[in-house]
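Colleague: Here's a structure for you.
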Protein chains: 2
Amino acid sequence: MNNTRFAVGVHILSLLSCHGEDYVSSELIAKSINMNPAMVRKELGVLRQTGLIESKEGIGGGSRLARKPEHISFDEVYLAVKEDSHVLGLYREDPNQQCPVGAKINQALEGLFQEVETAFLLKLRMMSLAEFTKVFR
Amino acid sequence: MNNTRFAVGVHILSLLSCHGEDYVSSELIAKSINMNPAMVRKELGVLRQTGLIESKEGIGGGSRLARKPEHISFDEVYLAVKEDSHVLGLYREDPNQQCPVGAKINQALEGLFQEVETAFLLKLRMMSLAEFTKVFR
DNA sequence: AAAAACTGTAATATAAATTATATCAGTTGT
DNA sequence: ACAACTGATATAATTTATATTACAGTTTTT
């Protein structure tokens, strides 16, 4: 995760949260983030697919939260944007199988990564969008 | 963290752990990881600066653990390799200060990131190199 | 004291990931 | 029919990560 996607996701959801049930255009969102509207729409697509937001086309269209911010937690946001990345990064592709460590390192790392990610998600699950957006009011 | 540095760090430390008090050359390490020796030495430099390993130049030289693996935990490894990256990624550089959300988002994200990272490090601190390397024996 | 086996570091090149921009067809309200 | 939107795609620019090469400096051995 060496990108801004989680930050962007949270920014988007915070904005939508602040706009209640109104639909917010990608252009308005883009201006707030200072980001290209096309990229915002791409990220909106991801959030929509995970069921966090809903969008409407045409005049007066845009996006809004699919649920109350009380019921949106950050683990969902993370899972939506993480794709195949990992909190602890990547593995090396082909460690030396002749070496006792090289032969088993990736399997061992996978276990470690899994365990850490589980704890990590548990922490994120405890944090809601509603709680987070209090700062903006 | 969209790189292999944590994995590489753990791989190096595991190898050293398996070699007890012997010095292990960067070339041997590089072969195990399947990585260029110069890059390995660069990473060794980072681990050395954090006090996790010690190195010796010249013939018969190389690196070894500075402490027993029982006393090396993964939060140290993470802190050594993370540099300025963050578990949850990066912030956007200049959100719109005219927007109530844009004006405060980075400050709010910083709090969130901090809290998550603290929990994350706590989890890593509970995992020792000694425990991890059991798989290799 | 010279050779050999190492490290430490820097410079440069290549590859991959991230972000930006431009474009346009399709939808919906007026 | 027009205007304000979304959704999607293609392409470019930028940044980050990885690889490679080279060489001066250190330490042991002969």
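Convention: chains lettered A, B, ... in structure tokens order; per-chain residue numbering from 1; ligands numbered from 1 as shown.
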Kindly provide, as a list in words, the residues of chain B having any atom no farther than 6 Å from an atom of chain D, counting only C-alpha atoms (C1' of nucleotides).
Modeller: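 Matching residues, ligands excluded from the count: Glu57, Gly58 and Ile59 of chain B.
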Colleague: Now that the selection is made, can you save its residues with C-alpha atoms as a PDB file, in the first residue's frame?
Modeller:
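Listing of part_14.pdb after writing:
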ATOM      1  CA  GLU B  57      34.520  -6.601   6.643  1.00  0.00           C
ATOM      2  CA  GLY B  58      37.276  -8.595   4.968  1.00  0.00           C
ATOM      3  CA  ILE B  59      37.872 -12.295   4.529  1.00  0.00           C
TER       4      ILE B  59
END
Colleague: Per DSSP on the backbone, filter chain B down to the residues in strand (DSSP E) and report them as JSON, numbers by chain.
Modeller: {"B": [53, 54, 55, 56, 62, 63, 64, 65]}
Colleague: Could you save those same residues with C-alpha atoms as a PDB file, in the first residue's frame?
Modeller:
ATOM      1  CA  ILE B  53      22.677  -7.121  13.082  1.00  0.00           C
ATOM      2  CA  GLU B  54      26.420  -6.556  13.089  1.00  0.00           C
ATOM      3  CA  SER B  55      28.816  -6.906  10.190  1.00  0.00           C
ATOM      4  CA  LYS B  56      32.486  -7.549   9.679  1.00  0.00           C
ATOM      5  CA  GLY B  62      29.714 -10.953   6.691  1.00  0.00           C
ATOM      6  CA  SER B  63      26.786 -10.302   8.991  1.00  0.00           C
ATOM      7  CA  ARG B  64      25.168 -11.959  11.985  1.00  0.00           C
ATOM      8  CA  LEU B  65      22.440 -11.178  14.489  1.00  0.00           C
TER       9      LEU B  65
END
Colleague: Counting only C-alpha atoms (C1' of nucleotides), which residues in chain C sit no more than 9 Å from chain A? For each one, give the nearest pair of atoms and the distance in Å, sorted by chain then residue number, as JSON lines.
Modeller:
{"residue": "C:DT18", "atom": "C1'", "partner": "A:Asn3", "partner_atom": "CA", "distance": 6.9}
{"residue": "C:DT19", "atom": "C1'", "partner": "A:Met39", "partner_atom": "CA", "distance": 8.6}
{"residue": "C:DA20", "atom": "C1'", "partner": "A:Asn36", "partner_atom": "CA", "distance": 7.0}
{"residue": "C:DT21", "atom": "C1'", "partner": "A:Asn36", "partner_atom": "CA", "distance": 7.9}
{"residue": "C:DT27", "atom": "C1'", "partner": "A:Gly58", "partner_atom": "CA", "distance": 5.2}
{"residue": "C:DT28", "atom": "C1'", "partner": "A:Gly58", "partner_atom": "CA", "distance": 4.1}
{"residue": "C:DG29", "atom": "C1'", "partner": "A:Ile59", "partner_atom": "CA", "distance": 5.6}
Colleague: Set the distance at 10 Å and use only C-alpha atoms (C1' of nucleotides): which residues neighbour Leu112 of chain B once local chain neighbours fewer than 3 positions away are removed? I'd like the list as a PyMOL selection string.
Modeller: (chain A and resi 74+124+127+132) or (chain B and resi 88+106-109+115-117)
Colleague: Using only C-alpha atoms, determine which residues of chain B fall within 9 Å of chain A; present them as a PyMOL selection string.
Modeller: chain B and resi 1-8+10-11+14-15+18+31-35+78+85-106+108-109+112+116-117+119-120+123-124+127+132-133+135-137
Colleague: Tell me, in Å to one decimal, how far atom CA of Ser73 of chain A is from atom CA of Ala130 of chain A.
Modeller: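 Between atom CA of Ser73 of chain A and atom CA of Ala130 of chain A the gap works out to 8.6 Å.
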Colleague: Any idea what the distance is between atom CA of Gly45 of chain B and atom CA of Gln114 of chain A?
Modeller: 28.0 Å
Colleague: Select from segment 25-133 of chain B everything DSSP, run on the backbone, classes as helix (DSSP H, G or I), then give the selection as a PyMOL selection string.
Modeller: chain B and resi 26-33+37-49+69-71+74-82+100-125+129-133
Colleague: Quick check, in Å to one decimal: how far apart do atom CA of Ile72 of chain A and atom CA of Arg48 of chain A lie?
Modeller: 13.1 Å
Colleague: So, counting only C-alpha atoms (C1' of nucleotides), which residue among B:Ser25, B:Lys42, B:Met126, B:Val77 is closest to DA10 of chain C?
Modeller: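 Among the listed residues, B:Lys42 lies closest to DA10 of chain C.
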